[in-house]
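Here is the file upload.txt (compact mmCIF, C-alpha atoms).
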```txt
# COMPACT_ATOMS: atom_id res chain seq x y z
CA MET A 1424 0.00 0.00 0.00
CA MET A 1425 1.24 3.44 -0.91
CA SER A 1426 2.84 5.20 2.02
CA ILE A 1427 1.08 8.36 3.14
CA LEU A 1428 2.98 11.47 4.12
CA ALA A 1429 0.88 14.19 5.74
CA LEU A 1430 2.45 17.59 6.24
CA MET A 1431 1.35 20.61 8.22
CA ALA A 1432 2.77 24.10 7.79
CA LEU A 1433 2.83 26.45 10.77
CA ALA A 1434 2.38 29.91 9.29
CA ALA A 1435 3.87 31.88 12.17
CA SER A 1436 7.09 29.95 12.75
CA GLY A 1437 7.55 27.40 9.99
CA ASP A 1438 7.19 24.53 12.47
CA ALA A 1439 5.53 21.45 10.96
CA SER A 1440 2.34 21.47 13.00
CA THR A 1441 -0.56 23.52 11.63
CA ALA A 1442 -1.67 25.33 8.51
CA PRO A 1443 -2.80 28.95 8.59
CA VAL A 1444 -6.45 29.51 9.46
CA PRO A 1445 -8.28 31.61 6.86
CA PRO A 1446 -8.58 35.22 7.96
CA ILE A 1447 -11.71 36.36 9.74
CA GLU A 1448 -13.46 38.94 7.57
CA GLU A 1449 -15.33 42.02 8.63
CA VAL A 1450 -18.89 42.36 7.34
CA ARG A 1451 -20.80 45.02 5.46
CA PHE A 1452 -24.07 46.11 7.02
CA ALA A 1453 -27.18 46.88 5.03
CA PRO A 1454 -28.44 50.45 5.63
CA LEU A 1455 -31.12 50.79 8.28
CA PRO A 1456 -34.53 51.09 6.61
CA THR A 1457 -36.60 54.16 7.34
CA SER A 1458 -38.83 52.16 9.66
CA GLU A 1459 -35.84 51.43 11.93
CA ARG A 1460 -34.30 54.91 12.15
CA ALA A 1461 -35.45 55.12 15.76
CA PHE A 1462 -32.81 52.46 16.55
CA GLU A 1463 -29.84 54.39 15.12
CA ALA A 1464 -28.27 54.69 18.59
CA LEU A 1465 -27.83 50.90 18.52
CA GLY A 1466 -25.47 51.18 15.57
CA PRO A 1467 -25.78 49.50 12.16
CA VAL A 1468 -27.47 46.41 13.63
CA GLY A 1469 -30.42 48.54 14.74
CA PRO A 1470 -33.20 46.61 16.49
CA PHE A 1471 -31.20 43.38 16.28
CA TYR A 1472 -28.86 44.56 19.06
CA PRO A 1473 -29.38 42.07 21.94
CA ALA A 1474 -31.77 43.67 24.42
CA SER A 1475 -29.80 42.62 27.50
CA ALA A 1476 -26.57 44.07 26.06
CA ALA A 1477 -28.25 47.33 25.07
CA GLN A 1478 -29.71 47.68 28.55
CA ALA A 1479 -26.28 47.09 30.11
CA ARG A 1480 -24.63 49.48 27.61
CA GLN A 1481 -22.37 46.61 26.55
CA ASN A 1482 -20.33 46.46 23.34
CA GLY A 1483 -19.31 43.08 21.94
CA GLU A 1484 -18.85 40.92 18.88
CA ALA A 1485 -19.51 37.50 17.42
CA ILE A 1486 -17.53 35.38 14.99
CA ILE A 1487 -19.68 33.18 12.78
CA ARG A 1488 -18.98 30.65 10.03
CA CYS A 1489 -21.25 30.96 7.02
CA HIS A 1490 -21.57 29.83 3.42
CA THR A 1491 -21.52 32.52 0.76
CA GLY A 1492 -24.37 33.23 -1.60
CA PRO A 1493 -25.15 35.70 -4.39
CA ALA A 1494 -23.99 39.30 -3.91
CA GLY A 1495 -22.13 38.44 -0.72
CA ALA A 1496 -25.16 37.08 1.13
CA LEU A 1497 -24.42 34.79 4.09
CA ALA A 1498 -26.34 31.58 4.75
CA ARG A 1499 -26.22 28.50 7.00
CA CYS A 1500 -24.33 30.44 9.65
CA LYS A 1501 -23.00 28.88 12.85
CA VAL A 1502 -21.65 30.70 15.90
CA ILE A 1503 -17.92 30.16 16.45
CA SER A 1504 -17.48 32.50 19.40
CA GLU A 1505 -19.04 35.50 21.11
CA ARG A 1506 -17.59 37.94 23.58
CA PRO A 1507 -18.64 38.84 26.17
CA ALA A 1508 -20.66 35.72 26.80
CA ARG A 1509 -24.27 35.59 27.96
CA TYR A 1510 -25.43 38.56 25.88
CA ASP A 1511 -26.63 36.58 22.80
CA PHE A 1512 -24.31 38.36 20.37
CA GLY A 1513 -23.93 35.07 18.48
CA VAL A 1514 -27.68 34.58 18.08
CA ALA A 1515 -28.05 38.19 16.92
CA ALA A 1516 -25.26 37.75 14.34
CA THR A 1517 -26.84 34.66 12.79
CA THR A 1518 -30.20 36.42 12.73
CA LEU A 1519 -28.65 39.35 10.89
CA ALA A 1520 -27.31 36.92 8.28
CA GLN A 1521 -30.69 35.19 7.91
CA ARG A 1522 -32.42 38.55 7.42
CA LYS A 1523 -29.76 39.59 4.87
CA ARG A 1524 -28.65 42.51 6.97
CA ILE A 1525 -24.94 41.62 6.79
CA PHE A 1526 -22.83 40.63 3.78
CA SER A 1527 -19.33 39.42 2.97
CA VAL A 1528 -16.96 42.21 1.95
CA SER A 1529 -14.86 39.94 -0.28
CA SER A 1530 -15.62 38.01 -3.44
CA HIS A 1531 -16.11 34.28 -2.88
CA PRO A 1532 -17.48 31.44 -5.01
CA PRO A 1533 -21.07 30.49 -4.10
CA GLY A 1534 -21.22 27.99 -1.26
CA GLU A 1535 -17.72 28.68 0.09
CA ALA A 1536 -17.39 28.48 3.88
CA ILE A 1537 -15.94 31.64 5.42
CA MET A 1538 -15.63 33.16 8.88
CA VAL A 1539 -16.80 36.70 9.57
CA ARG A 1540 -16.69 39.06 12.53
CA VAL A 1541 -19.88 40.91 13.43
CA PRO A 1542 -19.26 43.88 15.77
CA PHE A 1543 -21.93 45.29 18.05
CA VAL A 1544 -21.07 48.85 19.07
CA LEU A 1545 -23.44 51.34 20.62
CA ASP A 1546 -23.00 54.81 19.15
CA ALA A 1547 -22.83 56.36 22.62
CA LEU A 1548 -20.03 53.97 23.58
CA ALA A 1549 -18.14 54.12 20.31
CA SER A 1550 -16.70 57.56 21.08
CA SER A 1551 -16.29 57.00 24.80
CA PRO A 1552 -12.74 56.35 26.13
CA ALA A 1553 -14.32 54.21 28.86
CA SER A 1554 -15.66 51.74 26.28
CA PRO A 1555 -14.13 48.28 26.92
CA PRO A 1556 -11.75 47.12 24.17
CA VAL A 1557 -12.82 44.11 22.12
CA ASP A 1558 -9.65 43.64 20.03
CA ASP A 1559 -8.65 40.51 21.97
CA VAL A 1560 -11.91 38.64 21.47
CA GLY A 1561 -12.46 35.51 19.49
CA PRO A 1562 -10.69 32.16 19.54
CA LEU A 1563 -6.91 31.87 19.67
CA ARG A 1564 -5.04 30.74 16.56
CA ALA A 1565 -3.00 27.54 16.92
CA ALA A 1566 -0.19 29.20 14.95
CA SER A 1567 0.18 31.85 17.68
CA LEU A 1568 0.73 29.30 20.46
CA LYS A 1569 3.77 27.32 21.59
CA TRP A 1570 3.32 23.55 21.47
CA ARG A 1571 5.23 21.00 23.49
CA SER A 1572 4.00 18.14 21.31
CA THR A 1573 2.21 17.85 17.95
CA PRO A 1574 1.21 14.94 15.68
CA SER A 1575 3.95 13.20 13.76
CA GLY A 1576 3.92 12.24 10.10
CA GLY A 1577 3.18 8.70 11.26
CA ASP A 1578 0.15 9.93 13.18
CA PHE A 1579 -1.17 11.58 10.02
CA ALA A 1580 -0.55 8.44 7.99
CA HIS A 1581 -2.44 6.36 10.57
CA VAL A 1582 -5.63 8.45 10.37
CA PHE A 1583 -5.49 9.48 6.69
CA PRO A 1584 -8.96 8.57 5.35
CA ALA A 1585 -8.82 5.35 3.30
CA VAL A 1586 -11.31 6.63 0.72
CA ALA A 1587 -9.23 9.78 0.19
CA GLN A 1588 -6.11 7.65 -0.17
CA ARG A 1589 -7.85 5.44 -2.73
CA ASP A 1590 -8.99 8.47 -4.76
CA SER A 1591 -5.65 10.32 -4.34
CA VAL A 1592 -7.43 13.24 -2.65
CA GLU A 1593 -5.75 15.71 -0.30
CA GLY A 1594 -7.73 17.71 2.23
CA LYS A 1595 -7.93 20.20 5.03
CA ALA A 1596 -10.01 20.60 8.19
CA ILE A 1597 -10.49 23.44 10.68
CA LEU A 1598 -11.41 22.58 14.26
CA LEU A 1599 -12.62 24.67 17.17
CA CYS A 1600 -11.23 23.22 20.41
CA ARG A 1601 -10.82 24.16 24.06
CA ILE A 1602 -7.69 23.98 26.16
CA SER A 1603 -8.02 21.19 28.72
CA PRO A 1604 -6.80 21.20 32.35
CA THR A 1605 -3.77 19.16 31.20
CA ARG A 1606 -2.95 21.75 28.47
CA GLY A 1607 -4.15 19.48 25.70
CA LEU A 1608 -7.15 20.06 23.43
CA ASN A 1609 -10.62 18.68 24.02
CA GLY A 1610 -14.20 19.23 22.91
CA CYS A 1611 -13.04 19.72 19.32
CA THR A 1612 -15.73 20.25 16.69
CA VAL A 1613 -15.29 20.40 12.92
CA GLN A 1614 -15.87 23.90 11.54
CA THR A 1615 -14.94 23.20 7.92
CA GLU A 1616 -13.51 20.31 5.95
CA THR A 1617 -12.42 20.43 2.33
CA PRO A 1618 -13.41 18.48 0.35
CA GLY A 1619 -16.41 17.12 2.20
CA ASN A 1620 -17.48 13.49 2.54
CA TYR A 1621 -13.93 12.14 2.79
CA GLY A 1622 -13.56 12.08 6.56
CA PHE A 1623 -10.83 14.71 6.95
CA GLY A 1624 -12.76 16.38 9.77
CA ARG A 1625 -13.01 13.14 11.74
CA ALA A 1626 -9.31 12.46 11.14
CA ALA A 1627 -8.42 15.95 12.36
CA VAL A 1628 -10.36 15.41 15.60
CA LEU A 1629 -8.32 12.27 16.23
CA LEU A 1630 -5.08 14.19 15.63
CA SER A 1631 -6.13 16.97 18.00
CA LYS A 1632 -5.46 14.58 20.89
CA ARG A 1633 -1.76 14.74 19.98
CA PHE A 1634 -1.43 18.45 20.73
CA THR A 1635 -0.07 19.63 24.09
CA LEU A 1636 0.69 23.25 24.94
CA ASP A 1637 4.02 24.37 26.31
CA GLN A 1638 3.78 25.75 29.85
CA ILE A 1639 5.13 29.13 28.75
CA GLN A 1640 2.97 31.07 26.29
CA THR A 1641 3.33 34.46 24.65
CA ASP A 1642 -0.44 34.91 24.71
CA PRO A 1643 -1.72 35.19 28.30
CA ARG A 1644 -5.18 34.05 27.16
CA ALA A 1645 -3.90 30.50 26.59
CA LEU A 1646 -5.50 29.14 29.75
CA GLU A 1647 -7.82 26.26 30.55
CA GLY A 1648 -11.12 26.62 28.73
CA ALA A 1649 -9.85 29.06 26.08
CA GLU A 1650 -11.00 28.41 22.52
CA VAL A 1651 -8.44 27.52 19.83
CA LEU A 1652 -8.85 27.36 16.05
CA LEU A 1653 -6.74 24.52 14.67
CA SER A 1654 -6.21 24.01 10.94
CA LEU A 1655 -4.78 20.70 9.68
CA VAL A 1656 -3.68 19.86 6.13
CA PHE A 1657 -3.53 16.30 4.81
CA ARG A 1658 -1.16 15.79 1.88
CA LEU A 1659 -0.29 12.79 -0.24
CA PRO A 1660 3.39 11.99 -0.89
CA LYS A 1661 4.94 13.65 -3.89
CA LYS A 1662 5.48 11.33 -6.81
CA SER A 1663 9.11 10.89 -7.75
```
Just give me the structure as structure tokens.
Amino acid sequence: MMSILALMALAASGDASTAPVPPIEEVRFAPLPTSERAFEALGPVGPFYPASAAQARQNGEAIIRCHTGPAGALARCKVISERPARYDFGVAATTLAQRKRIFSVSSHPPGEAIMVRVPFVLDALASSPASPPVDDVGPLRAASLKWRSTPSGGDFAHVFPAVAQRDSVEGKAILLCRISPTRGLNGCTVQTETPGNYGFGRAAVLLSKRFTLDQIQTDPRALEGAEVLLSLVFRLPKKS
């Protein structure tokens, strides 16, 4: 049987561990209709600003994964993260997508899975120096962290999907995981896998158990329970 060699490229340091996660895009908001001008103080999201957050005068954001449609429309959206928690920013973001109130700012083929950031900023807070910063929200990127251990080429070969090997298909999967008490990764869920129906997402989840964080991190947010986006690339050996 043909030997499988699976490689991962760490964007930040060149270490063979992870591939770069696609950038998180900003979104374009549809103008508020005349009937919603009374909600202008709630920013471009208007009446879709979560009521509890508006009452608490709380800014925030959500990161969602969607599939692109015509003219930048976003469909089949899923919440990746929301900060601060417990204010329903994620639910509001997916609702905005369903109502076609937010759109992708970049050109993508129809049906492509992308990640977008939806900010929620109250006009009164936007110009206030006391407004809490939100530039550190969202999941950590695996490429920004220091790893004590990562999967080996043999680990990749062991889980490389048999159907993909048979069809000579390479793939990629992006996972959303949490840092465990032992500095490993757990609770990983598949966010995207390309191409679909080959099992690359399931294989990536198995490989996630091989990651262990170094004790010393440059990002102080790398603590138990923090979310991490992990991107894994599965490659076939080059033909000689």
Considering only C-alpha atoms, give me a table of residues in segment 1535-1633 of chain A that are at most 9 Å from segment 1448-1470 of chain A, with the closest atom pair and distance in Å for each, as JSON lines.
```
{"residue": "A:Ile1537", "atom": "CA", "partner": "A:Glu1448", "partner_atom": "CA", "distance": 8.0}
{"residue": "A:Met1538", "atom": "CA", "partner": "A:Glu1448", "partner_atom": "CA", "distance": 6.3}
{"residue": "A:Val1539", "atom": "CA", "partner": "A:Glu1448", "partner_atom": "CA", "distance": 4.5}
{"residue": "A:Arg1540", "atom": "CA", "partner": "A:Glu1449", "partner_atom": "CA", "distance": 5.1}
{"residue": "A:Val1541", "atom": "CA", "partner": "A:Val1450", "partner_atom": "CA", "distance": 6.3}
{"residue": "A:Pro1542", "atom": "CA", "partner": "A:Glu1449", "partner_atom": "CA", "distance": 8.4}
{"residue": "A:Phe1543", "atom": "CA", "partner": "A:Val1468", "partner_atom": "CA", "distance": 7.2}
{"residue": "A:Val1544", "atom": "CA", "partner": "A:Gly1466", "partner_atom": "CA", "distance": 6.1}
{"residue": "A:Leu1545", "atom": "CA", "partner": "A:Leu1465", "partner_atom": "CA", "distance": 4.9}
{"residue": "A:Asp1546", "atom": "CA", "partner": "A:Ala1464", "partner_atom": "CA", "distance": 5.3}
{"residue": "A:Ala1547", "atom": "CA", "partner": "A:Ala1464", "partner_atom": "CA", "distance": 7.0}
```
Pick out the closest residue to Ile1447 of chain A from this set: A:Leu1652, A:Arg1480, A:Arg1509, A:Thr1635. Count all atoms listed in the file.
A:Leu1652
Which residues are near Ala1627 of chain A? Cut-off 10 Å, only C-alpha atoms, ignore same chain within fewer than 2 positions. Put them as a list of chain:residue names.
A:Phe1579, A:Val1582, A:Phe1583, A:Lys1595, A:Ala1596, A:Ile1597, A:Leu1598, A:Cys1611, A:Thr1612, A:Val1613, A:Glu1616, A:Gly1622, A:Phe1623, A:Gly1624, A:Arg1625, A:Leu1629, A:Leu1630, A:Ser1631, A:Lys1632, A:Leu1653, A:Ser1654, A:Leu1655, A:Val1656, A:Phe1657
Can you write out the residues you just picked, keeping C-alpha atoms, as a PDB file, in the frame of the given file?
```
ATOM      1  CA  PHE A1579      -1.170  11.580  10.020  1.00  0.00           C
ATOM      2  CA  VAL A1582      -5.630   8.450  10.370  1.00  0.00           C
ATOM      3  CA  PHE A1583      -5.490   9.480   6.690  1.00  0.00           C
ATOM      4  CA  LYS A1595      -7.930  20.200   5.030  1.00  0.00           C
ATOM      5  CA  ALA A1596     -10.010  20.600   8.190  1.00  0.00           C
ATOM      6  CA  ILE A1597     -10.490  23.440  10.680  1.00  0.00           C
ATOM      7  CA  LEU A1598     -11.410  22.580  14.260  1.00  0.00           C
ATOM      8  CA  CYS A1611     -13.040  19.720  19.320  1.00  0.00           C
ATOM      9  CA  THR A1612     -15.730  20.250  16.690  1.00  0.00           C
ATOM     10  CA  VAL A1613     -15.290  20.400  12.920  1.00  0.00           C
ATOM     11  CA  GLU A1616     -13.510  20.310   5.950  1.00  0.00           C
ATOM     12  CA  GLY A1622     -13.560  12.080   6.560  1.00  0.00           C
ATOM     13  CA  PHE A1623     -10.830  14.710   6.950  1.00  0.00           C
ATOM     14  CA  GLY A1624     -12.760  16.380   9.770  1.00  0.00           C
ATOM     15  CA  ARG A1625     -13.010  13.140  11.740  1.00  0.00           C
ATOM     16  CA  LEU A1629      -8.320  12.270  16.230  1.00  0.00           C
ATOM     17  CA  LEU A1630      -5.080  14.190  15.630  1.00  0.00           C
ATOM     18  CA  SER A1631      -6.130  16.970  18.000  1.00  0.00           C
ATOM     19  CA  LYS A1632      -5.460  14.580  20.890  1.00  0.00           C
ATOM     20  CA  LEU A1653      -6.740  24.520  14.670  1.00  0.00           C
ATOM     21  CA  SER A1654      -6.210  24.010  10.940  1.00  0.00           C
ATOM     22  CA  LEU A1655      -4.780  20.700   9.680  1.00  0.00           C
ATOM     23  CA  VAL A1656      -3.680  19.860   6.130  1.00  0.00           C
ATOM     24  CA  PHE A1657      -3.530  16.300   4.810  1.00  0.00           C
TER      25      PHE A1657
END
```
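What separates atom CA of Glu1650 of chain A from atom CA of Gly1513 of chain A is a distance of 15.1 Å.
Interatomic distance, atom CA of Ala1536 of chain A to atom CA of Cys1489 of chain A: 5.6 Å.
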Rounded to one decimal, what separation in Å do you get between atom CA of Val1528 of chain A and atom CA of Pro1493 of chain A?
12.2 Å
Within 12 Å of Thr1518 of chain A using all atoms listed in the file, minus same-chain residues under 3 positions, as an MDAnalysis selection string:
chainID A and resid 1468 1470:1473 1485 1487 1489 1497:1502 1511:1515 1521:1525 1541
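Checking A:Ser1567, A:Ser1530, A:Asn1482, A:Gln1614 one by one against Asp1642 of chain A, counting only C-alpha atoms, you find the shortest gap at A:Ser1567.
Nearest-residue note for Pro1533 of chain A: choosing from A:Ala1494, A:Ala1566, A:Ala1474, A:Ile1503, the minimum distance belongs to A:Ala1494, counting only C-alpha atoms.
Between Glu1484 of chain A and the candidates A:Pro1618, A:Pro1562, A:Pro1660, A:Ser1527, the tightest atom-to-atom separation, counting only C-alpha atoms, involves A:Pro1562.
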Where is the centre and how long are the edges: axis-aligned box on segment 1585-1588 of chain A, 3 Å on each side, Å to one decimal, as AutoDock Vina command-line options:
```
--center_x -8.7 --center_y 7.6 --center_z 1.6 --size_x 11.2 --size_y 10.4 --size_z 9.5
```
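Proximity of A:Leu1646, A:Ile1486, A:Trp1570, A:Pro1584 to Arg1633 of chain A, computed with all atoms listed in the file, is greatest for A:Trp1570.
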Looking at A:Ser1529, A:Val1651, A:Thr1491, A:Gly1483, which one is nearest to Ala1516 of chain A, with distances taken over all atoms listed in the file?
A:Gly1483
